[in-house]
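Undergrad: Okay, so here is protein35.cif, and as you'll see once you scroll down, it has mmCIF, N, CA, C and O atoms.
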```
data_final
loop_
_atom_site.label_atom_id
_atom_site.label_comp_id
_atom_site.auth_asym_id
_atom_site.auth_seq_id
_atom_site.Cartn_x
_atom_site.Cartn_y
_atom_site.Cartn_z
N MET A 16 -14.49 12.28 16.00
CA MET A 16 -13.10 12.01 16.34
C MET A 16 -12.57 10.88 15.47
O MET A 16 -13.24 9.89 15.24
N ASN A 17 -11.36 11.02 14.98
CA ASN A 17 -10.76 10.02 14.11
C ASN A 17 -10.09 8.90 14.88
O ASN A 17 -9.79 9.03 16.06
N TYR A 18 -9.85 7.82 14.18
CA TYR A 18 -9.14 6.66 14.73
C TYR A 18 -7.66 6.78 14.38
O TYR A 18 -7.29 7.42 13.40
N THR A 19 -6.82 6.14 15.19
CA THR A 19 -5.39 6.13 14.97
C THR A 19 -4.94 4.72 14.62
O THR A 19 -5.34 3.77 15.28
N ILE A 20 -4.11 4.60 13.60
CA ILE A 20 -3.57 3.30 13.22
C ILE A 20 -2.10 3.25 13.63
O ILE A 20 -1.33 4.15 13.31
N THR A 21 -1.76 2.20 14.38
CA THR A 21 -0.37 1.96 14.76
C THR A 21 0.00 0.55 14.32
O THR A 21 -0.86 -0.21 13.85
N TYR A 22 1.27 0.21 14.47
CA TYR A 22 1.77 -1.08 14.01
C TYR A 22 2.42 -1.82 15.17
O TYR A 22 3.06 -1.21 16.02
N TYR A 23 2.26 -3.13 15.17
CA TYR A 23 2.86 -3.98 16.19
C TYR A 23 4.37 -3.74 16.26
O TYR A 23 4.94 -3.68 17.34
N SER A 24 5.00 -3.59 15.09
CA SER A 24 6.44 -3.32 15.01
C SER A 24 6.74 -2.63 13.69
O SER A 24 5.90 -2.60 12.78
N ILE A 25 7.93 -2.11 13.59
CA ILE A 25 8.36 -1.49 12.34
C ILE A 25 8.41 -2.53 11.22
O ILE A 25 8.16 -2.21 10.05
N GLU A 26 8.69 -3.79 11.58
CA GLU A 26 8.73 -4.86 10.57
C GLU A 26 7.35 -5.08 9.95
O GLU A 26 7.24 -5.32 8.74
N VAL A 27 6.31 -5.00 10.76
CA VAL A 27 4.95 -5.17 10.24
C VAL A 27 4.64 -4.04 9.26
O VAL A 27 4.12 -4.28 8.16
N GLN A 28 4.99 -2.83 9.62
CA GLN A 28 4.75 -1.69 8.74
C GLN A 28 5.55 -1.85 7.45
O GLN A 28 5.02 -1.62 6.35
N THR A 29 6.80 -2.28 7.55
CA THR A 29 7.64 -2.48 6.37
C THR A 29 7.06 -3.57 5.48
O THR A 29 7.03 -3.42 4.25
N ASP A 30 6.61 -4.67 6.07
CA ASP A 30 6.02 -5.76 5.30
C ASP A 30 4.78 -5.30 4.53
O ASP A 30 4.58 -5.67 3.37
N ILE A 31 3.95 -4.52 5.19
CA ILE A 31 2.74 -4.02 4.53
C ILE A 31 3.11 -3.11 3.36
O ILE A 31 2.55 -3.22 2.27
N LEU A 32 4.08 -2.24 3.58
CA LEU A 32 4.48 -1.31 2.52
C LEU A 32 5.30 -1.99 1.42
O LEU A 32 5.53 -1.40 0.37
N ALA A 33 5.70 -3.25 1.66
CA ALA A 33 6.44 -4.01 0.64
C ALA A 33 5.51 -4.90 -0.18
O ALA A 33 5.97 -5.62 -1.06
N LEU A 34 4.21 -4.85 0.09
CA LEU A 34 3.25 -5.63 -0.69
C LEU A 34 3.30 -5.15 -2.15
O LEU A 34 3.69 -4.01 -2.42
N PRO A 35 2.87 -5.99 -3.09
CA PRO A 35 2.78 -5.54 -4.49
C PRO A 35 1.96 -4.26 -4.61
O PRO A 35 1.07 -4.00 -3.79
N LYS A 36 2.25 -3.48 -5.63
CA LYS A 36 1.68 -2.12 -5.77
C LYS A 36 0.16 -2.05 -5.67
O LYS A 36 -0.37 -1.18 -4.98
N THR A 37 -0.56 -2.95 -6.34
CA THR A 37 -2.03 -2.86 -6.28
C THR A 37 -2.55 -3.18 -4.88
O THR A 37 -3.54 -2.59 -4.44
N LEU A 38 -1.87 -4.06 -4.17
CA LEU A 38 -2.28 -4.39 -2.80
C LEU A 38 -1.92 -3.26 -1.85
O LEU A 38 -2.69 -2.95 -0.93
N GLN A 39 -0.80 -2.61 -2.09
CA GLN A 39 -0.42 -1.43 -1.29
C GLN A 39 -1.47 -0.34 -1.44
O GLN A 39 -1.89 0.27 -0.46
N ALA A 40 -1.87 -0.09 -2.69
CA ALA A 40 -2.86 0.95 -2.95
C ALA A 40 -4.18 0.63 -2.25
O ALA A 40 -4.81 1.52 -1.67
N ARG A 41 -4.57 -0.62 -2.29
CA ARG A 41 -5.80 -1.04 -1.62
C ARG A 41 -5.67 -0.84 -0.11
O ARG A 41 -6.60 -0.36 0.54
N TYR A 42 -4.52 -1.20 0.45
CA TYR A 42 -4.29 -1.01 1.89
C TYR A 42 -4.38 0.47 2.26
O TYR A 42 -5.04 0.83 3.23
N ILE A 43 -3.73 1.31 1.49
CA ILE A 43 -3.72 2.74 1.79
C ILE A 43 -5.15 3.30 1.75
O ILE A 43 -5.56 4.05 2.65
N GLY A 44 -5.92 2.91 0.75
CA GLY A 44 -7.30 3.39 0.65
C GLY A 44 -8.17 2.91 1.80
O GLY A 44 -8.92 3.69 2.40
N LEU A 45 -8.08 1.62 2.11
CA LEU A 45 -8.91 1.08 3.19
C LEU A 45 -8.49 1.58 4.56
O LEU A 45 -9.33 1.85 5.42
N SER A 46 -7.18 1.72 4.78
CA SER A 46 -6.73 2.21 6.09
C SER A 46 -7.14 3.67 6.28
O SER A 46 -7.47 4.09 7.40
N ALA A 47 -7.17 4.44 5.21
CA ALA A 47 -7.65 5.83 5.31
C ALA A 47 -9.12 5.85 5.71
O ALA A 47 -9.54 6.67 6.54
N ARG A 48 -9.92 4.94 5.15
CA ARG A 48 -11.32 4.83 5.53
C ARG A 48 -11.47 4.42 7.00
O ARG A 48 -12.35 4.91 7.70
N MET A 49 -10.61 3.50 7.43
CA MET A 49 -10.66 3.03 8.82
C MET A 49 -10.37 4.17 9.79
O MET A 49 -10.94 4.21 10.88
N MET A 50 -9.49 5.09 9.42
CA MET A 50 -9.17 6.21 10.30
C MET A 50 -10.37 7.13 10.49
O MET A 50 -10.48 7.81 11.50
N VAL A 51 -11.30 7.11 9.53
CA VAL A 51 -12.49 7.95 9.63
C VAL A 51 -13.67 7.18 10.23
O VAL A 51 -14.33 7.65 11.15
N TYR A 52 -13.92 5.96 9.72
CA TYR A 52 -15.13 5.22 10.08
C TYR A 52 -14.94 4.13 11.12
O TYR A 52 -15.90 3.55 11.60
N GLY A 53 -13.70 3.80 11.44
CA GLY A 53 -13.46 2.77 12.43
C GLY A 53 -12.97 1.47 11.84
O GLY A 53 -12.83 1.32 10.63
N ALA A 54 -12.74 0.52 12.73
CA ALA A 54 -12.08 -0.73 12.36
C ALA A 54 -12.92 -1.67 11.52
O ALA A 54 -12.38 -2.43 10.73
N ASN A 55 -14.22 -1.64 11.67
CA ASN A 55 -15.06 -2.60 10.97
C ASN A 55 -15.76 -1.95 9.79
O ASN A 55 -16.82 -1.35 9.94
N LEU A 56 -15.18 -2.11 8.60
CA LEU A 56 -15.77 -1.54 7.38
C LEU A 56 -16.80 -2.48 6.78
O LEU A 56 -17.50 -2.11 5.86
N GLY A 57 -16.87 -3.71 7.30
CA GLY A 57 -17.81 -4.69 6.77
C GLY A 57 -17.22 -5.43 5.58
O GLY A 57 -16.25 -4.99 4.96
N GLU A 58 -17.83 -6.57 5.29
CA GLU A 58 -17.35 -7.36 4.15
C GLU A 58 -17.73 -6.65 2.86
O GLU A 58 -18.74 -5.97 2.82
N PRO A 59 -16.95 -6.70 1.83
CA PRO A 59 -15.78 -7.56 1.61
C PRO A 59 -14.46 -6.95 2.07
O PRO A 59 -13.41 -7.53 1.87
N HIS A 60 -14.51 -5.77 2.71
CA HIS A 60 -13.27 -5.08 3.07
C HIS A 60 -12.63 -5.61 4.34
O HIS A 60 -11.41 -5.75 4.41
N THR A 61 -13.44 -5.83 5.36
CA THR A 61 -12.93 -6.34 6.63
C THR A 61 -13.81 -7.50 7.09
O THR A 61 -14.96 -7.62 6.67
N LYS A 62 -13.23 -8.33 7.95
CA LYS A 62 -13.98 -9.45 8.50
C LYS A 62 -13.55 -9.66 9.95
O LYS A 62 -12.37 -9.69 10.25
N ALA A 63 -14.54 -9.79 10.84
CA ALA A 63 -14.25 -10.09 12.24
C ALA A 63 -13.96 -11.58 12.36
O ALA A 63 -14.72 -12.41 11.85
N LEU A 64 -12.86 -11.92 13.02
CA LEU A 64 -12.46 -13.31 13.19
C LEU A 64 -12.77 -13.83 14.59
O LEU A 64 -12.53 -15.00 14.88
N GLY A 65 -13.27 -12.98 15.46
CA GLY A 65 -13.61 -13.38 16.82
C GLY A 65 -12.55 -12.97 17.82
O GLY A 65 -11.39 -12.78 17.48
N ASP A 66 -12.97 -12.82 19.06
CA ASP A 66 -12.09 -12.45 20.17
C ASP A 66 -11.36 -11.14 19.95
O ASP A 66 -10.26 -10.93 20.45
N GLY A 67 -11.93 -10.25 19.14
CA GLY A 67 -11.31 -8.94 18.92
C GLY A 67 -10.32 -8.87 17.77
O GLY A 67 -9.72 -7.83 17.53
N LEU A 68 -10.16 -9.97 17.04
CA LEU A 68 -9.24 -10.00 15.90
C LEU A 68 -10.02 -9.79 14.61
O LEU A 68 -11.09 -10.35 14.41
N PHE A 69 -9.47 -8.94 13.74
CA PHE A 69 -10.08 -8.65 12.45
C PHE A 69 -9.06 -8.89 11.34
O PHE A 69 -7.86 -8.91 11.59
N GLU A 70 -9.56 -9.03 10.11
CA GLU A 70 -8.66 -9.06 8.96
C GLU A 70 -9.10 -8.02 7.95
O GLU A 70 -10.28 -7.82 7.72
N LEU A 71 -8.12 -7.34 7.39
CA LEU A 71 -8.32 -6.41 6.30
C LEU A 71 -8.06 -7.22 5.04
O LEU A 71 -7.01 -7.83 4.90
N ARG A 72 -9.03 -7.23 4.14
CA ARG A 72 -8.97 -8.12 2.98
C ARG A 72 -8.56 -7.31 1.75
O ARG A 72 -9.32 -6.48 1.26
N LEU A 73 -7.37 -7.57 1.27
CA LEU A 73 -6.83 -6.83 0.13
C LEU A 73 -6.84 -7.71 -1.11
O LEU A 73 -6.37 -8.84 -1.08
N LYS A 74 -7.37 -7.17 -2.19
CA LYS A 74 -7.40 -7.91 -3.45
C LYS A 74 -7.01 -6.96 -4.56
O LYS A 74 -7.52 -5.84 -4.64
N GLY A 75 -6.09 -7.40 -5.41
CA GLY A 75 -5.64 -6.59 -6.52
C GLY A 75 -5.23 -7.47 -7.68
O GLY A 75 -5.28 -8.70 -7.59
N SER A 76 -4.79 -6.86 -8.75
CA SER A 76 -4.40 -7.63 -9.93
C SER A 76 -3.19 -8.53 -9.66
O SER A 76 -2.97 -9.50 -10.37
N GLU A 77 -2.43 -8.22 -8.61
CA GLU A 77 -1.24 -9.00 -8.28
C GLU A 77 -1.50 -10.10 -7.25
O GLU A 77 -0.57 -10.78 -6.84
N GLY A 78 -2.76 -10.24 -6.82
CA GLY A 78 -3.07 -11.31 -5.89
C GLY A 78 -3.95 -10.85 -4.74
O GLY A 78 -4.64 -9.84 -4.83
N ILE A 79 -3.88 -11.62 -3.67
CA ILE A 79 -4.70 -11.38 -2.48
C ILE A 79 -3.78 -11.36 -1.27
O ILE A 79 -2.87 -12.17 -1.16
N ALA A 80 -4.04 -10.42 -0.36
CA ALA A 80 -3.26 -10.35 0.89
C ALA A 80 -4.23 -10.11 2.04
O ALA A 80 -5.37 -9.67 1.85
N ARG A 81 -3.77 -10.41 3.23
CA ARG A 81 -4.53 -10.15 4.44
C ARG A 81 -3.65 -9.40 5.42
O ARG A 81 -2.45 -9.66 5.52
N VAL A 82 -4.27 -8.48 6.15
CA VAL A 82 -3.60 -7.78 7.24
C VAL A 82 -4.48 -7.98 8.47
O VAL A 82 -5.64 -7.59 8.48
N PHE A 83 -3.93 -8.63 9.49
CA PHE A 83 -4.66 -8.85 10.73
C PHE A 83 -4.47 -7.65 11.64
O PHE A 83 -3.38 -7.09 11.71
N TYR A 84 -5.53 -7.28 12.37
CA TYR A 84 -5.44 -6.15 13.28
C TYR A 84 -6.42 -6.33 14.43
O TYR A 84 -7.33 -7.16 14.40
N CYS A 85 -6.23 -5.53 15.46
CA CYS A 85 -7.14 -5.49 16.59
C CYS A 85 -7.38 -4.03 16.96
O CYS A 85 -6.73 -3.14 16.43
N THR A 86 -8.31 -3.82 17.86
CA THR A 86 -8.61 -2.47 18.31
C THR A 86 -8.33 -2.36 19.80
O THR A 86 -8.39 -3.34 20.53
N LEU A 87 -8.02 -1.15 20.22
CA LEU A 87 -7.78 -0.86 21.63
C LEU A 87 -8.65 0.33 22.02
O LEU A 87 -9.11 1.09 21.17
N VAL A 88 -8.86 0.50 23.31
CA VAL A 88 -9.62 1.62 23.83
C VAL A 88 -8.97 2.92 23.35
O VAL A 88 -7.75 3.01 23.22
N GLY A 89 -9.79 3.90 23.09
CA GLY A 89 -9.26 5.19 22.67
C GLY A 89 -9.16 5.31 21.17
O GLY A 89 -8.34 6.06 20.65
N ARG A 90 -9.97 4.52 20.46
CA ARG A 90 -10.01 4.59 18.99
C ARG A 90 -8.67 4.28 18.35
O ARG A 90 -8.23 4.96 17.44
N ARG A 91 -8.01 3.25 18.89
CA ARG A 91 -6.71 2.83 18.34
C ARG A 91 -6.87 1.50 17.61
O ARG A 91 -7.48 0.57 18.11
N ILE A 92 -6.29 1.43 16.42
CA ILE A 92 -6.26 0.22 15.61
C ILE A 92 -4.80 -0.19 15.50
O ILE A 92 -3.95 0.64 15.15
N VAL A 93 -4.50 -1.45 15.81
CA VAL A 93 -3.12 -1.93 15.78
C VAL A 93 -2.99 -3.00 14.70
O VAL A 93 -3.65 -4.04 14.77
N MET A 94 -2.18 -2.74 13.69
CA MET A 94 -1.90 -3.71 12.64
C MET A 94 -0.89 -4.72 13.18
O MET A 94 0.18 -4.34 13.66
N LEU A 95 -1.26 -6.00 13.13
CA LEU A 95 -0.48 -7.03 13.80
C LEU A 95 0.40 -7.86 12.87
O LEU A 95 1.51 -8.24 13.23
N HIS A 96 -0.12 -8.19 11.68
CA HIS A 96 0.59 -9.14 10.81
C HIS A 96 -0.01 -9.07 9.41
O HIS A 96 -1.21 -8.86 9.26
N SER A 97 0.82 -9.26 8.40
CA SER A 97 0.32 -9.31 7.03
C SER A 97 0.97 -10.46 6.28
O SER A 97 2.07 -10.91 6.64
N PHE A 98 0.29 -10.93 5.25
CA PHE A 98 0.85 -11.96 4.39
C PHE A 98 0.08 -11.98 3.07
O PHE A 98 -1.04 -11.50 2.99
N VAL A 99 0.73 -12.52 2.05
CA VAL A 99 0.10 -12.70 0.74
C VAL A 99 -0.49 -14.10 0.72
O VAL A 99 0.20 -15.07 1.01
N LYS A 100 -1.76 -14.17 0.37
CA LYS A 100 -2.45 -15.47 0.35
C LYS A 100 -2.07 -16.26 -0.89
O LYS A 100 -2.07 -15.73 -1.98
N LYS A 101 -1.77 -17.54 -0.68
CA LYS A 101 -1.45 -18.41 -1.80
C LYS A 101 -2.44 -19.57 -1.89
O LYS A 101 -2.46 -20.29 -2.87
N THR A 102 -3.25 -19.75 -0.84
CA THR A 102 -4.27 -20.80 -0.83
C THR A 102 -5.60 -20.17 -0.45
O THR A 102 -5.64 -19.05 0.07
N GLN A 103 -6.68 -20.89 -0.68
CA GLN A 103 -7.99 -20.34 -0.37
C GLN A 103 -8.19 -20.16 1.13
O GLN A 103 -8.75 -19.17 1.57
N LYS A 104 -7.72 -21.11 1.91
CA LYS A 104 -7.88 -21.04 3.36
C LYS A 104 -6.68 -20.32 3.98
O LYS A 104 -5.54 -20.53 3.57
N THR A 105 -6.95 -19.50 4.98
CA THR A 105 -5.87 -18.81 5.70
C THR A 105 -5.07 -19.84 6.48
O THR A 105 -5.63 -20.58 7.28
N PRO A 106 -3.74 -19.89 6.27
CA PRO A 106 -2.92 -20.85 7.01
C PRO A 106 -2.97 -20.60 8.52
O PRO A 106 -2.93 -19.45 8.98
N ALA A 107 -3.06 -21.69 9.29
CA ALA A 107 -3.14 -21.59 10.75
C ALA A 107 -1.93 -20.86 11.32
O ALA A 107 -2.05 -20.10 12.29
N HIS A 108 -0.76 -21.06 10.71
CA HIS A 108 0.47 -20.41 11.18
C HIS A 108 0.32 -18.89 11.15
O HIS A 108 0.71 -18.20 12.10
N GLU A 109 -0.23 -18.35 10.07
CA GLU A 109 -0.39 -16.91 9.93
C GLU A 109 -1.39 -16.38 10.97
O GLU A 109 -1.17 -15.35 11.60
N LEU A 110 -2.47 -17.11 11.17
CA LEU A 110 -3.47 -16.72 12.15
C LEU A 110 -2.91 -16.76 13.57
O LEU A 110 -3.18 -15.86 14.38
N ASN A 111 -2.11 -17.76 13.87
CA ASN A 111 -1.51 -17.88 15.20
C ASN A 111 -0.56 -16.73 15.50
O ASN A 111 -0.51 -16.25 16.64
N ILE A 112 0.20 -16.29 14.50
CA ILE A 112 1.09 -15.14 14.68
C ILE A 112 0.26 -13.93 15.12
O ILE A 112 0.59 -13.24 16.08
N ALA A 113 -0.84 -13.69 14.41
CA ALA A 113 -1.69 -12.54 14.72
C ALA A 113 -2.30 -12.66 16.11
O ALA A 113 -2.34 -11.69 16.87
N LYS A 114 -2.79 -13.84 16.47
CA LYS A 114 -3.40 -14.03 17.79
C LYS A 114 -2.39 -13.82 18.91
O LYS A 114 -2.71 -13.19 19.92
N ASN A 115 -1.18 -14.33 18.74
CA ASN A 115 -0.14 -14.14 19.75
C ASN A 115 0.22 -12.67 19.91
O ASN A 115 0.38 -12.17 21.04
N ARG A 116 0.34 -11.98 18.80
CA ARG A 116 0.68 -10.56 18.86
C ARG A 116 -0.45 -9.75 19.48
O ARG A 116 -0.20 -8.80 20.23
N MET A 117 -1.70 -10.12 19.17
CA MET A 117 -2.82 -9.42 19.77
C MET A 117 -2.80 -9.59 21.29
O MET A 117 -3.05 -8.63 22.02
N SER A 118 -2.52 -10.80 21.75
CA SER A 118 -2.42 -11.04 23.19
C SER A 118 -1.37 -10.16 23.84
O SER A 118 -1.60 -9.57 24.90
N GLU A 119 -0.20 -10.05 23.20
CA GLU A 119 0.87 -9.20 23.71
C GLU A 119 0.44 -7.76 23.80
O GLU A 119 0.66 -7.08 24.80
N VAL A 120 -0.17 -7.27 22.72
CA VAL A 120 -0.59 -5.86 22.65
C VAL A 120 -1.62 -5.57 23.73
O VAL A 120 -1.54 -4.55 24.42
N LYS A 121 -2.58 -6.45 23.91
CA LYS A 121 -3.63 -6.21 24.89
C LYS A 121 -3.10 -6.32 26.32
O LYS A 121 -3.57 -5.61 27.21
N LEU A 122 -2.09 -7.15 26.56
CA LEU A 122 -1.48 -7.24 27.88
C LEU A 122 -0.72 -5.94 28.21
O LEU A 122 -0.78 -5.46 29.34
N GLU A 123 -0.01 -5.42 27.22
CA GLU A 123 0.76 -4.19 27.43
C GLU A 123 -0.17 -3.01 27.67
O GLU A 123 0.15 -2.11 28.42
N TYR A 124 -1.31 -3.01 27.00
CA TYR A 124 -2.24 -1.90 27.10
C TYR A 124 -3.06 -2.03 28.36
O TYR A 124 -3.35 -1.18 29.08
#
```
Could I get this structure in the form of structure tokens?
TA:
Amino acid sequence: MNYTITYYSIEVQTDILALPKTLQARYIGLSARMMVYGANLGEPHTKALGDGLFELRLKGSEGIARVFYCTLVGRRIVMLHSFVKKTQKTPAHELNIAKNRMSEVKLEY
């Protein structure tokens, strides 16, 4: 059985599809794999951040981006937030957005 990928909001989906071309291509390839094999593809593609939050690690000639996501019962993967990395460490603000959205999604579900 395959996994389903959904988005926290249309804005999240739009932001992901507005990433630079090489990062978009990487996202499309990795998300297609996730639909077959599940949310945790292992490093360097995905990384578990704890408490059910994961990051999809995108790297291309145009830079580095991250897409935070969580999983729900029923083989559902929810993309929560994306951003282009400009520093080596993930900014706390970006991580907090993803954690808050994950809490909302899990409460609704």
Undergrad: Name the residues that the PyMOL selection byres ((chain A and resi 87) around 8) picks from the file above, as an MDAnalysis selection string, using the file's chain letters and numbers.
TA: chainID A and resid 19 67 84:86 88:93 120:121 124
Undergrad: So which bits of region 84-122 of chain A end up helix (DSSP H, G or I) when you DSSP the backbone, as a PDB file with N, CA, C and O atoms, in the frame of the given file?
TA:
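Resulting contents of states_15.pdb:
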```pdb
ATOM      1  N   ALA A 107      -3.060 -21.690   9.290  1.00  0.00           N
ATOM      2  CA  ALA A 107      -3.140 -21.590  10.750  1.00  0.00           C
ATOM      3  C   ALA A 107      -1.930 -20.860  11.320  1.00  0.00           C
ATOM      4  O   ALA A 107      -2.050 -20.100  12.290  1.00  0.00           O
ATOM      5  N   HIS A 108      -0.760 -21.060  10.710  1.00  0.00           N
ATOM      6  CA  HIS A 108       0.470 -20.410  11.180  1.00  0.00           C
ATOM      7  C   HIS A 108       0.320 -18.890  11.150  1.00  0.00           C
ATOM      8  O   HIS A 108       0.710 -18.200  12.100  1.00  0.00           O
ATOM      9  N   GLU A 109      -0.230 -18.350  10.070  1.00  0.00           N
ATOM     10  CA  GLU A 109      -0.390 -16.910   9.930  1.00  0.00           C
ATOM     11  C   GLU A 109      -1.390 -16.380  10.970  1.00  0.00           C
ATOM     12  O   GLU A 109      -1.170 -15.350  11.600  1.00  0.00           O
ATOM     13  N   LEU A 110      -2.470 -17.110  11.170  1.00  0.00           N
ATOM     14  CA  LEU A 110      -3.470 -16.720  12.150  1.00  0.00           C
ATOM     15  C   LEU A 110      -2.910 -16.760  13.570  1.00  0.00           C
ATOM     16  O   LEU A 110      -3.180 -15.860  14.380  1.00  0.00           O
ATOM     17  N   ASN A 111      -2.110 -17.760  13.870  1.00  0.00           N
ATOM     18  CA  ASN A 111      -1.510 -17.880  15.200  1.00  0.00           C
ATOM     19  C   ASN A 111      -0.560 -16.730  15.500  1.00  0.00           C
ATOM     20  O   ASN A 111      -0.510 -16.250  16.640  1.00  0.00           O
ATOM     21  N   ILE A 112       0.200 -16.290  14.500  1.00  0.00           N
ATOM     22  CA  ILE A 112       1.090 -15.140  14.680  1.00  0.00           C
ATOM     23  C   ILE A 112       0.260 -13.930  15.120  1.00  0.00           C
ATOM     24  O   ILE A 112       0.590 -13.240  16.080  1.00  0.00           O
ATOM     25  N   ALA A 113      -0.840 -13.690  14.410  1.00  0.00           N
ATOM     26  CA  ALA A 113      -1.690 -12.540  14.720  1.00  0.00           C
ATOM     27  C   ALA A 113      -2.300 -12.660  16.110  1.00  0.00           C
ATOM     28  O   ALA A 113      -2.340 -11.690  16.870  1.00  0.00           O
ATOM     29  N   LYS A 114      -2.790 -13.840  16.470  1.00  0.00           N
ATOM     30  CA  LYS A 114      -3.400 -14.030  17.790  1.00  0.00           C
ATOM     31  C   LYS A 114      -2.390 -13.820  18.910  1.00  0.00           C
ATOM     32  O   LYS A 114      -2.710 -13.190  19.920  1.00  0.00           O
ATOM     33  N   ASN A 115      -1.180 -14.330  18.740  1.00  0.00           N
ATOM     34  CA  ASN A 115      -0.140 -14.140  19.750  1.00  0.00           C
ATOM     35  C   ASN A 115       0.220 -12.670  19.910  1.00  0.00           C
ATOM     36  O   ASN A 115       0.380 -12.170  21.040  1.00  0.00           O
ATOM     37  N   ARG A 116       0.340 -11.980  18.800  1.00  0.00           N
ATOM     38  CA  ARG A 116       0.680 -10.560  18.860  1.00  0.00           C
ATOM     39  C   ARG A 116      -0.450  -9.750  19.480  1.00  0.00           C
ATOM     40  O   ARG A 116      -0.200  -8.800  20.230  1.00  0.00           O
ATOM     41  N   MET A 117      -1.700 -10.120  19.170  1.00  0.00           N
ATOM     42  CA  MET A 117      -2.820  -9.420  19.770  1.00  0.00           C
ATOM     43  C   MET A 117      -2.800  -9.590  21.290  1.00  0.00           C
ATOM     44  O   MET A 117      -3.050  -8.630  22.020  1.00  0.00           O
ATOM     45  N   SER A 118      -2.520 -10.800  21.750  1.00  0.00           N
ATOM     46  CA  SER A 118      -2.420 -11.040  23.190  1.00  0.00           C
ATOM     47  C   SER A 118      -1.370 -10.160  23.840  1.00  0.00           C
ATOM     48  O   SER A 118      -1.600  -9.570  24.900  1.00  0.00           O
ATOM     49  N   GLU A 119      -0.200 -10.050  23.200  1.00  0.00           N
ATOM     50  CA  GLU A 119       0.870  -9.200  23.710  1.00  0.00           C
ATOM     51  C   GLU A 119       0.440  -7.760  23.800  1.00  0.00           C
ATOM     52  O   GLU A 119       0.660  -7.080  24.800  1.00  0.00           O
ATOM     53  N   VAL A 120      -0.170  -7.270  22.720  1.00  0.00           N
ATOM     54  CA  VAL A 120      -0.590  -5.860  22.650  1.00  0.00           C
ATOM     55  C   VAL A 120      -1.620  -5.570  23.730  1.00  0.00           C
ATOM     56  O   VAL A 120      -1.540  -4.550  24.420  1.00  0.00           O
ATOM     57  N   LYS A 121      -2.580  -6.450  23.910  1.00  0.00           N
ATOM     58  CA  LYS A 121      -3.630  -6.210  24.890  1.00  0.00           C
ATOM     59  C   LYS A 121      -3.100  -6.320  26.320  1.00  0.00           C
ATOM     60  O   LYS A 121      -3.570  -5.610  27.210  1.00  0.00           O
ATOM     61  N   LEU A 122      -2.090  -7.150  26.560  1.00  0.00           N
ATOM     62  CA  LEU A 122      -1.480  -7.240  27.880  1.00  0.00           C
ATOM     63  C   LEU A 122      -0.720  -5.940  28.210  1.00  0.00           C
ATOM     64  O   LEU A 122      -0.780  -5.460  29.340  1.00  0.00           O
TER      65      LEU A 122
END
```
Undergrad: Looking only at the backbone, which of the residues in chain A does DSSP tag as strand (DSSP E or B), as a PyMOL selection string?
TA: chain A and resi 19-22+61-65+68-75+78-87+91-100
Undergrad: Counting all atoms listed in the file, which residue out of A:Ala47, A:Ile112, A:Val99, A:Val82 sits closest to Glu70 (chain A)?
TA: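 With all atoms listed in the file as the atom set, the closest residue is A:Val82.
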Undergrad: So how many Å separate atom O of Ile25 (chain A) and atom N of Glu58 (chain A), to one decimal?
TA: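 Computing it gives 26.8 Å between the two atoms.
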Undergrad: Quick one, how far is atom N of Pro35 (chain A) from atom C of Asn17 (chain A)?
TA: 26.7 Å
Undergrad: Translate the PyMOL selection byres ((chain A and resi 54) around 8) into a concrete residue list for this structure, as a PyMOL selection string.
TA: chain A and resi 18+45+48-53+55-57+60-63+69-71+84-86+90-92
